[in-house]
>>> print(open('target-v2.cif').read())   # mmCIF, C-alpha atoms
data_target
#
loop_
_atom_site.label_atom_id
_atom_site.label_comp_id
_atom_site.auth_asym_id
_atom_site.auth_seq_id
_atom_site.Cartn_x
_atom_site.Cartn_y
_atom_site.Cartn_z
CA MET P 1 31.21 21.70 -2.63
CA GLY P 2 30.29 23.82 0.35
CA ALA P 3 33.05 26.28 1.21
CA ALA P 4 34.30 26.75 4.77
CA VAL P 5 33.95 30.22 6.27
CA ALA P 6 37.31 32.00 6.70
CA GLY P 7 38.80 31.20 10.08
CA SER P 8 36.43 28.31 10.76
CA PRO P 9 37.75 24.77 11.31
CA VAL P 10 37.97 22.57 8.22
CA MET P 11 34.99 20.22 8.12
CA GLY P 12 35.52 16.57 7.32
CA PRO P 13 33.63 15.22 4.33
CA VAL P 14 30.44 13.19 4.28
CA VAL P 15 31.59 9.78 3.04
CA PHE P 16 29.18 7.42 1.31
CA ILE P 17 29.93 3.80 0.35
CA SER P 18 27.54 1.62 -1.62
CA ASN P 19 27.21 -0.86 -4.47
CA THR P 20 26.62 0.98 -7.77
CA PRO P 21 25.86 4.65 -8.45
CA SER P 22 22.37 5.67 -9.44
CA PRO P 23 20.67 8.97 -10.36
CA TYR P 24 18.95 9.35 -6.98
CA GLN P 25 22.18 8.80 -5.05
CA ILE P 26 23.90 11.41 -7.20
CA ASP P 27 20.99 13.82 -6.65
CA LEU P 28 21.10 13.45 -2.88
CA PHE P 29 24.85 13.75 -2.47
CA THR P 30 25.02 16.66 -4.90
CA ALA P 31 22.61 18.45 -2.55
CA ILE P 32 24.80 17.50 0.43
CA ALA P 33 27.91 18.67 -1.45
CA ALA P 34 26.43 22.17 -1.53
CA LEU P 35 26.64 22.15 2.29
CA ARG P 36 29.77 20.13 3.01
CA PRO P 37 32.49 18.26 1.07
CA VAL P 38 31.41 14.81 -0.13
CA ALA P 39 33.28 11.65 -1.12
CA ALA P 40 31.31 8.72 -2.51
CA TYR P 41 32.79 5.30 -3.28
CA PHE P 42 31.12 2.42 -5.09
CA HIS P 43 32.00 -1.25 -5.45
CA ALA P 44 31.08 -1.30 -9.15
CA ASP P 45 30.46 1.32 -11.82
CA GLY P 46 27.30 2.01 -13.81
CA SER P 47 27.95 -0.89 -16.19
CA ALA P 48 26.65 -3.25 -13.51
CA ALA P 49 23.81 -5.40 -14.81
CA GLN P 50 20.93 -3.57 -13.14
CA ASN P 51 22.15 -0.15 -14.33
CA VAL P 52 23.41 -1.05 -17.80
CA SER P 53 20.91 1.25 -19.57
CA TRP P 54 21.63 4.35 -17.48
CA LYS P 55 23.86 7.04 -18.91
CA LEU P 56 25.15 8.90 -15.87
CA LYS P 57 27.53 11.82 -15.55
CA TYR P 58 29.72 11.19 -12.51
CA PRO P 59 30.58 14.19 -10.29
CA GLU P 60 34.19 14.78 -9.30
CA TRP P 61 33.56 13.51 -5.77
CA LEU P 62 32.39 10.08 -6.99
CA GLY P 63 34.90 7.23 -7.24
CA PHE P 64 35.20 3.45 -7.15
CA LEU P 65 36.72 1.07 -4.63
CA PRO P 66 39.62 -1.17 -5.69
CA GLN P 67 38.90 -4.76 -6.62
CA GLY P 68 39.74 -7.31 -3.97
CA LYS P 69 38.81 -8.42 -0.48
CA GLY P 70 36.70 -6.43 1.92
CA LEU P 71 39.61 -5.53 4.18
CA ALA P 72 41.45 -3.99 1.24
CA LYS P 73 38.40 -1.88 0.37
CA ALA P 74 38.03 -0.73 3.97
CA ALA P 75 41.74 0.09 4.16
CA PHE P 76 41.45 2.17 0.99
CA VAL P 77 38.74 4.37 2.53
CA ALA P 78 40.52 4.59 5.91
CA GLU P 79 43.78 5.66 4.27
CA ARG P 80 42.04 8.26 2.10
CA HIS P 81 40.38 9.85 5.14
CA GLY P 82 42.84 9.16 7.93
CA ASN P 83 44.17 12.73 8.14
CA LEU P 84 40.83 14.52 7.92
CA LEU P 85 38.24 12.19 9.39
CA PRO P 86 34.73 12.12 7.90
CA SER P 87 32.15 14.22 9.69
CA LEU P 88 29.67 11.48 8.76
CA MET P 89 29.86 8.10 7.07
CA ILE P 90 26.88 6.41 5.41
CA LEU P 91 26.98 2.80 4.25
CA GLY P 92 24.50 1.43 1.74
CA GLY P 93 23.65 -1.71 3.72
CA TYR P 94 26.02 -3.62 5.98
CA ARG P 95 26.67 -6.71 3.85
CA GLY P 96 28.89 -5.02 1.28
CA ALA P 97 32.55 -6.06 1.17
CA GLY P 98 34.42 -4.08 3.81
CA HIS P 99 31.38 -2.52 5.42
CA VAL P 100 31.79 -4.25 8.79
CA PRO P 101 35.50 -3.27 9.06
CA LEU P 102 34.52 0.29 8.16
CA LEU P 103 31.94 0.33 10.96
CA LEU P 104 34.64 -0.85 13.36
CA TRP P 105 37.05 1.82 12.07
CA ALA P 106 34.41 4.53 12.44
CA ARG P 107 33.63 3.40 16.00
CA LEU P 108 37.36 3.50 16.87
CA LYS P 109 37.82 6.97 15.37
CA GLY P 110 34.63 8.46 16.76
CA VAL P 111 33.09 9.00 13.31
CA PRO P 112 29.26 8.91 13.17
CA ALA P 113 28.43 5.96 10.91
CA TRP P 114 24.92 5.22 9.68
CA VAL P 115 23.67 2.25 7.71
CA TRP P 116 21.10 3.03 4.99
CA MET P 117 18.69 0.18 4.25
CA GLU P 118 15.39 -0.85 2.72
CA ALA P 119 12.98 -3.08 4.62
CA PRO P 120 13.78 -6.81 4.35
CA GLU P 121 11.91 -8.12 1.31
CA PRO P 122 9.42 -10.92 1.99
CA ASN P 123 10.98 -14.25 1.03
CA PRO P 124 8.87 -17.38 0.38
CA GLN P 125 11.90 -19.50 1.30
CA ASP P 126 11.62 -18.29 4.90
CA ALA P 127 8.74 -20.71 5.53
CA GLY P 128 9.15 -23.90 7.54
CA LEU P 129 11.89 -24.98 9.95
CA LYS P 130 14.72 -24.21 7.55
CA GLY P 131 13.31 -20.75 6.98
CA LEU P 132 13.02 -20.20 10.73
CA VAL P 133 16.71 -21.03 11.18
CA LYS P 134 17.62 -18.57 8.41
CA ARG P 135 15.55 -15.84 10.03
CA VAL P 136 17.13 -16.42 13.44
CA VAL P 137 20.65 -16.29 11.96
CA ARG P 138 19.81 -13.10 10.06
CA ASP P 139 18.37 -11.52 13.19
CA VAL P 140 21.46 -12.34 15.25
CA MET P 141 23.80 -11.01 12.55
CA SER P 142 21.72 -7.86 12.10
CA ARG P 143 21.72 -7.18 15.82
CA LEU P 144 25.50 -7.70 16.13
CA VAL P 145 26.51 -5.66 13.10
CA LEU P 146 24.05 -2.81 13.54
CA SER P 147 25.16 -2.42 17.15
CA LEU P 148 28.40 -1.02 15.68
CA ALA P 149 26.54 1.73 13.82
CA THR P 150 25.52 5.11 15.18
CA GLY P 151 22.09 4.51 13.72
CA VAL P 152 20.03 3.27 10.82
CA LEU P 153 18.65 5.31 7.95
CA ALA P 154 15.44 3.46 7.09
CA MET P 155 14.07 3.74 3.57
CA ASP P 156 10.39 3.82 4.54
CA GLY P 157 7.97 3.17 7.39
CA ARG P 158 8.27 -0.60 7.05
CA ALA P 159 12.06 -0.39 7.28
CA GLU P 160 11.83 1.92 10.29
CA GLN P 161 9.63 -0.59 12.10
CA ALA P 162 11.87 -3.53 11.12
CA TYR P 163 15.15 -1.97 12.26
CA ARG P 164 13.90 -0.58 15.55
CA ARG P 165 14.23 -4.18 16.73
CA TYR P 166 18.00 -3.90 16.29
CA HIS P 167 18.88 -0.30 17.06
CA TRP P 168 17.46 2.41 19.27
CA ARG P 169 18.25 5.19 16.79
CA VAL P 170 16.45 4.98 13.46
CA GLU P 171 15.82 7.90 11.08
CA ARG P 172 13.52 7.60 8.08
CA GLN P 173 15.39 8.59 4.91
CA PRO P 174 14.20 7.45 1.49
CA TYR P 175 16.05 7.76 -1.80
CA ALA P 176 15.83 11.43 -2.69
CA ILE P 177 15.75 13.33 -5.97
CA ASP P 178 16.49 16.84 -7.17
CA ALA P 179 13.12 18.56 -7.56
CA ALA P 180 14.22 21.24 -10.04
CA PRO P 181 14.16 19.19 -13.29
CA PHE P 182 10.59 18.07 -12.57
CA MET P 183 9.17 21.57 -12.09
CA LEU P 184 8.05 21.80 -15.73
CA LYS P 185 4.69 23.37 -16.44
CA LYS P 186 2.03 20.72 -17.00
CA LYS P 187 -0.48 20.92 -19.80
CA SER P 188 -4.19 20.94 -19.03
CA VAL P 189 -5.88 17.54 -18.86
CA THR P 190 -7.53 16.70 -22.16
CA LYS P 191 -9.10 13.53 -23.47
CA PRO P 192 -7.69 10.90 -23.58
CA LEU P 193 -6.38 10.74 -20.03
CA LYS P 194 -2.64 10.10 -20.32
CA CYS P 195 -1.43 7.35 -17.98
CA LEU P 196 2.22 6.38 -17.47
CA PHE P 197 3.99 3.33 -16.05
CA ILE P 198 7.76 3.34 -15.52
CA GLY P 199 9.59 0.22 -14.43
CA GLN P 200 10.93 -3.15 -15.40
CA MET P 201 8.62 -5.35 -17.43
CA ILE P 202 8.54 -8.11 -14.83
CA ASP P 203 5.84 -9.88 -12.82
CA ARG P 204 6.81 -8.18 -9.54
CA LYS P 205 5.97 -4.79 -11.05
CA GLY P 206 2.42 -5.97 -11.80
CA VAL P 207 2.62 -5.56 -15.57
CA ASP P 208 0.27 -8.54 -16.00
CA GLU P 209 -2.47 -6.73 -14.05
CA LEU P 210 -1.68 -3.50 -15.91
CA LYS P 211 -2.19 -5.35 -19.16
CA GLY P 212 -5.43 -6.86 -17.88
CA ALA P 213 -6.79 -3.43 -16.95
CA PHE P 214 -5.88 -1.55 -20.10
CA VAL P 215 -7.01 -4.24 -22.51
CA ARG P 216 -10.49 -3.10 -21.40
CA ILE P 217 -9.78 0.63 -21.72
CA SER P 218 -9.90 2.30 -25.10
CA PRO P 219 -6.86 4.52 -25.76
CA LYS P 220 -9.47 7.14 -26.77
CA ASP P 221 -10.49 7.27 -23.08
CA ALA P 222 -7.15 6.61 -21.35
CA LEU P 223 -3.88 6.17 -23.23
CA LEU P 224 -1.29 4.07 -21.40
CA SER P 225 2.42 4.72 -22.03
CA LEU P 226 4.93 2.13 -20.82
CA ALA P 227 8.57 3.03 -20.14
CA GLY P 228 11.22 0.46 -19.32
CA GLY P 229 12.65 -2.87 -20.38
CA GLY P 230 12.94 -6.38 -19.01
CA PRO P 231 11.91 -9.98 -19.65
CA ARG P 232 8.33 -9.11 -20.66
CA LYS P 233 9.34 -6.23 -22.93
CA ALA P 234 8.41 -7.98 -26.19
CA GLU P 235 5.05 -9.06 -24.76
CA MET P 236 4.17 -5.55 -23.63
CA GLU P 237 5.32 -4.04 -26.92
CA ALA P 238 3.02 -6.46 -28.74
CA PHE P 239 0.17 -5.57 -26.37
CA CYS P 240 0.59 -1.88 -27.15
CA ALA P 241 0.75 -2.54 -30.89
CA GLU P 242 -2.47 -4.58 -30.72
CA THR P 243 -4.48 -2.20 -28.51
CA GLY P 244 -3.24 1.23 -29.58
CA HIS P 245 -1.49 1.99 -26.30
CA ASN P 246 2.07 3.32 -26.32
CA TYR P 247 5.45 1.66 -25.64
CA LEU P 248 8.22 4.21 -25.00
CA GLY P 249 11.12 1.85 -24.31
CA PHE P 250 13.82 2.81 -21.82
CA VAL P 251 13.77 6.49 -20.81
CA GLN P 252 17.05 8.03 -19.70
CA PRO P 253 17.02 9.95 -16.38
CA THR P 254 17.65 13.23 -18.21
CA ASP P 255 14.55 12.67 -20.38
CA LEU P 256 12.25 11.57 -17.57
CA PRO P 257 11.06 15.05 -16.44
CA ARG P 258 9.86 15.85 -19.96
CA VAL P 259 8.08 12.51 -20.32
CA LEU P 260 6.36 12.93 -16.96
CA SER P 261 5.28 16.48 -17.78
CA GLU P 262 3.36 15.13 -20.78
CA GLN P 263 1.30 12.71 -18.64
CA ASP P 264 -1.73 13.06 -16.37
CA VAL P 265 -1.66 10.08 -13.98
CA PHE P 266 1.08 7.70 -12.84
CA VAL P 267 0.03 4.05 -12.58
CA PHE P 268 2.29 1.70 -10.61
CA PRO P 269 0.76 -1.68 -9.63
CA SER P 270 3.96 -3.21 -8.20
CA ARG P 271 3.52 -6.18 -5.87
CA TYR P 272 6.49 -5.04 -3.76
CA ASP P 273 9.02 -2.20 -3.80
CA GLY P 274 11.39 -1.19 -1.01
CA TRP P 275 10.85 2.43 -2.08
CA ALA P 276 10.24 3.01 -5.85
CA VAL P 277 11.83 6.36 -6.68
CA VAL P 278 9.54 6.70 -9.71
CA VAL P 279 6.67 7.51 -7.34
CA PRO P 280 8.20 10.72 -5.92
CA GLN P 281 9.46 11.60 -9.41
CA ALA P 282 5.87 11.46 -10.64
CA MET P 283 4.71 13.46 -7.63
CA ALA P 284 7.36 16.12 -8.23
CA ALA P 285 6.06 16.40 -11.79
CA GLY P 286 2.54 16.99 -10.43
CA LEU P 287 0.96 13.62 -11.21
CA PRO P 288 -1.45 11.81 -8.88
CA VAL P 289 -0.35 8.22 -8.26
CA ILE P 290 -2.39 5.02 -8.52
CA SER P 291 -0.59 2.29 -6.56
CA ASN P 292 -0.78 0.26 -3.35
CA PRO P 293 0.79 0.11 0.14
CA ALA P 294 3.20 -2.67 -0.88
CA VAL P 295 5.19 0.15 -2.51
CA GLY P 296 7.17 2.00 0.15
CA ALA P 297 6.96 5.43 -1.46
CA PHE P 298 3.21 5.11 -1.96
CA ALA P 299 2.60 4.04 1.65
CA ASP P 300 4.70 6.90 3.03
CA LEU P 301 3.84 9.75 0.65
CA VAL P 302 0.52 9.07 -1.07
CA GLU P 303 -1.82 6.67 0.71
CA THR P 304 -3.13 9.07 3.37
CA THR P 305 -2.25 12.46 1.83
CA GLY P 306 -4.77 12.85 -0.98
CA ALA P 307 -1.99 12.69 -3.59
CA GLY P 308 -3.46 9.76 -5.50
CA MET P 309 -5.52 6.62 -5.19
CA ALA P 310 -4.87 3.29 -3.48
CA CYS P 311 -6.15 0.18 -5.19
CA GLU P 312 -5.71 -3.55 -4.91
CA GLN P 313 -3.17 -5.29 -7.13
CA THR P 314 -5.77 -6.61 -9.57
CA ALA P 315 -6.70 -5.71 -13.12
CA GLU P 316 -10.28 -4.99 -12.00
CA ALA P 317 -9.16 -2.55 -9.28
CA LEU P 318 -6.74 -0.81 -11.65
CA TYR P 319 -9.47 -0.48 -14.24
CA ASP P 320 -11.81 1.12 -11.70
CA ALA P 321 -9.12 3.53 -10.47
CA VAL P 322 -8.18 4.72 -13.95
CA MET P 323 -11.82 5.13 -14.96
CA ALA P 324 -12.46 7.18 -11.82
CA TYR P 325 -10.01 9.79 -13.17
CA VAL P 326 -11.46 9.48 -16.69
CA ASN P 327 -14.91 10.23 -15.30
CA GLU P 328 -13.74 12.99 -12.93
CA PRO P 329 -10.90 14.77 -14.75
CA ALA P 330 -10.92 17.66 -12.25
CA ARG P 331 -9.42 15.27 -9.69
CA VAL P 332 -6.24 14.98 -11.78
CA GLY P 333 -5.24 18.61 -11.32
CA GLN P 334 -6.32 18.75 -7.68
CA GLU P 335 -4.54 15.57 -6.60
CA GLY P 336 -1.54 16.29 -8.83
CA ALA P 337 -1.04 19.66 -7.11
CA ARG P 338 -1.32 17.92 -3.75
CA ALA P 339 1.23 15.30 -4.86
CA ARG P 340 3.79 17.97 -5.69
CA GLU P 341 3.13 19.77 -2.38
CA VAL P 342 3.62 16.57 -0.35
CA PHE P 343 6.79 15.68 -2.24
CA MET P 344 8.38 19.12 -1.82
CA ALA P 345 8.02 18.98 1.98
CA SER P 346 9.28 15.39 2.29
CA ARG P 347 12.71 13.82 2.64
CA ALA P 348 12.22 12.40 -0.84
CA ASN P 349 13.19 15.93 -1.93
CA ALA P 350 17.01 16.03 -2.00
CA ALA P 351 17.15 19.60 -0.66
CA VAL P 352 15.11 18.63 2.41
CA ALA P 353 17.02 15.36 2.85
CA ALA P 354 20.42 17.07 2.69
CA GLN P 355 19.50 19.36 5.60
CA ALA P 356 18.23 16.40 7.63
CA ILE P 357 21.37 14.36 6.98
CA MET P 358 23.62 17.28 7.91
CA ALA P 359 21.98 17.26 11.33
CA LEU P 360 23.57 13.81 11.83
CA ALA P 361 27.10 14.98 10.98
CA LYS P 362 29.81 15.58 13.54
#
>>> encode(input="target-v2.cif", output="structure tokens")
Amino acid sequence: MGAAVAGSPVMGPVVFISNTPSPYQIDLFTAIAALRPVAAYFHADGSAAQNVSWKLKYPEWLGFLPQGKGLAKAAFVAERHGNLLPSLMILGGYRGAGHVPLLLWARLKGVPAWVWMEAPEPNPQDAGLKGLVKRVVRDVMSRLVLSLATGVLAMDGRAEQAYRRYHWRVERQPYAIDAAPFMLKKKSVTKPLKCLFIGQMIDRKGVDELKGAFVRISPKDALLSLAGGGPRKAEMEAFCAETGHNYLGFVQPTDLPRVLSEQDVFVFPSRYDGWAVVVPQAMAAGLPVISNPAVGAFADLVETTGAGMACEQTAEALYDAVMAYVNEPARVGQEGARAREVFMASRANAAVAAQAIMALAK
């Protein structure tokens, strides 16, 4: 934790409350903890369903909220920090149990309180009259609750645009990662071009289009490696076995920098992602990214920066994009270097994000 200078007033901690801990949250708040004391509280531990494969080492400042009603959770945080008020409080969304009472408590105590959110995900059920009613109710609730906050930390450009409807103060802050583990020296590009996908094996991640593209590409030209699990895991394993491509299975966060350093291009044909932290991880490792603007991190960091290639979410477009790198291998090194440069200067870099967040503290 950051140490106070002798004779200076004791600084209240940065307090973070969210659902379940993840590697990128730990990266960001570890960077903040180098500047000021941190206390992070989560509703559930890493055994939650979406994180069951992660093996995380929890820092000393990370803890868990008691089971029970929202008021009890809010009271727990208020009691822990009643004597030395937080210099800043960040809530992961506003719908978590106890988050609204905590916003009220922060307003009463004069604590800056920010709500950190992704853009609302498109929902097919929002069509028709019933969907219109749902949207109106959500809008009213968002406006009421967010009015209690000091501001909104928006995950990407889409989120920034969405939440400016509800609050005058919106800062763009994506999930951020520690750059250091990804600064491994990359090998020179050799044939075959090594392409990597990391994510759940589900339709939303575009694995069907990925399969359609690489069934046409010989692994002697471009070798695809797939990392992750999910409902379509067996199908994608079988695809790799049949075609000569490579299935890595689930890769632990500690192993990810090494895996990325062995690749040339990151391919991510997701149909929608609020951010997709794997994109800046690939950029930090010096890989150009093939993806599309429906992925928040791609739209913000890659699309207009020369750090990769935008393509439509079709097997044909993916095939063309991959083959462009196969046919012009010099682009890999040039765009990979640009990807790392863009990442290092962005708030997706935990060191940069920590400084920006400290500017919001009391």
>>> resolve_selection(input="target-v2.cif", expression="the PyMOL selection byres ((chain P and resi 297) around 9)", output="list of chain:residue names")
P:Met155, P:Asp156, P:Pro174, P:Asp273, P:Gly274, P:Trp275, P:Ala276, P:Val277, P:Val278, P:Val279, P:Pro280, P:Pro293, P:Ala294, P:Val295, P:Gly296, P:Phe298, P:Ala299, P:Asp300, P:Leu301, P:Val302, P:Ala348
>>> closest_residue(input="target-v2.cif", among="P:Met309, P:Leu56, P:Leu35, P:Val152", to="Met11 of chain P", atoms="all atoms listed in the file")
P:Leu35
>>> residues_around(input="target-v2.cif", residues="Met89 of chain P", least_positions_apart="5", cutoff="12 Å", atoms="all atoms listed in the file", output="number ranges by chain")
P: 12-18, 38-41, 77-78, 81, 99, 102-107, 109-116, 149-153, 357-358, 360-362
>>> resolve_selection(input="target-v2.cif", expression="the PyMOL selection byres ((chain P and resi 341) around 12)", output="list of chain:residue names")
P:Ala179, P:Met183, P:Pro280, P:Met283, P:Ala284, P:Ala285, P:Gly286, P:Leu287, P:Pro288, P:Leu301, P:Val302, P:Thr305, P:Gly306, P:Ala307, P:Gln334, P:Glu335, P:Gly336, P:Ala337, P:Arg338, P:Ala339, P:Arg340, P:Val342, P:Phe343, P:Met344, P:Ala345, P:Ser346, P:Ala348, P:Asn349
>>> residues_around(input="target-v2.cif", residues="Leu146 of chain P", least_positions_apart="4", cutoff="7 Å", atoms="all atoms listed in the file", output="short mmCIF file (atom, residue, chain, number, x, y, z; two decimals) with C-alpha atoms, in the coordinates of the input")
data_model
loop_
_atom_site.label_atom_id
_atom_site.label_comp_id
_atom_site.auth_asym_id
_atom_site.auth_seq_id
_atom_site.Cartn_x
_atom_site.Cartn_y
_atom_site.Cartn_z
CA SER P 142 21.72 -7.86 12.10
CA TYR P 166 18.00 -3.90 16.29
CA HIS P 167 18.88 -0.30 17.06
#
>>> closest_residue(input="target-v2.cif", among="P:Ala34, P:Ile26, P:Arg158, P:Asn19", to="Leu91 of chain P", atoms="all atoms listed in the file")
P:Asn19
>>> atom_distance(input="target-v2.cif", atom1="atom CA of Phe268 of chain P", atom2="atom CA of Cys240 of chain P")
17.0 Å
>>> resolve_selection(input="target-v2.cif", expression="the PyMOL selection byres ((chain P and resi 118) around 7)", output="ChimeraX atom specification")
/P:117,119-120,154-155,159,274
>>> decode(input="target-v2.cif", residues="segment 18-44 of chain P", atoms="C-alpha atoms", output="mmCIF file, in the first residue's frame")
data_model
loop_
_atom_site.group_PDB
_atom_site.id
_atom_site.type_symbol
_atom_site.label_atom_id
_atom_site.label_comp_id
_atom_site.auth_asym_id
_atom_site.auth_seq_id
_atom_site.Cartn_x
_atom_site.Cartn_y
_atom_site.Cartn_z
ATOM 1 C CA SER P 18 -18.430 -5.576 -6.843
ATOM 2 C CA ASN P 19 -19.700 -9.074 -7.594
ATOM 3 C CA THR P 20 -16.781 -11.512 -7.920
ATOM 4 C CA PRO P 21 -13.027 -10.866 -8.085
ATOM 5 C CA SER P 22 -11.221 -11.227 -11.370
ATOM 6 C CA PRO P 23 -7.600 -10.872 -12.528
ATOM 7 C CA TYR P 24 -8.143 -7.460 -14.132
ATOM 8 C CA GLN P 25 -9.798 -6.040 -11.011
ATOM 9 C CA ILE P 26 -6.898 -7.293 -8.912
ATOM 10 C CA ASP P 27 -4.418 -5.773 -11.391
ATOM 11 C CA LEU P 28 -6.073 -2.366 -11.305
ATOM 12 C CA PHE P 29 -6.489 -2.122 -7.553
ATOM 13 C CA THR P 30 -2.977 -3.424 -6.940
ATOM 14 C CA ALA P 31 -1.769 -0.463 -9.006
ATOM 15 C CA ILE P 32 -3.995 1.873 -6.975
ATOM 16 C CA ALA P 33 -2.725 0.302 -3.730
ATOM 17 C CA ALA P 34 0.771 1.505 -4.632
ATOM 18 C CA LEU P 35 -0.596 5.069 -4.392
ATOM 19 C CA ARG P 36 -3.173 4.868 -1.617
ATOM 20 C CA PRO P 37 -4.650 2.235 0.743
ATOM 21 C CA VAL P 38 -7.277 0.015 -0.888
ATOM 22 C CA ALA P 39 -10.143 -2.096 0.441
ATOM 23 C CA ALA P 40 -12.100 -4.264 -1.991
ATOM 24 C CA TYR P 41 -15.227 -6.236 -1.086
ATOM 25 C CA PHE P 42 -17.028 -8.798 -3.214
ATOM 26 C CA HIS P 43 -20.443 -10.428 -2.941
ATOM 27 C CA ALA P 44 -19.080 -13.864 -3.892
#
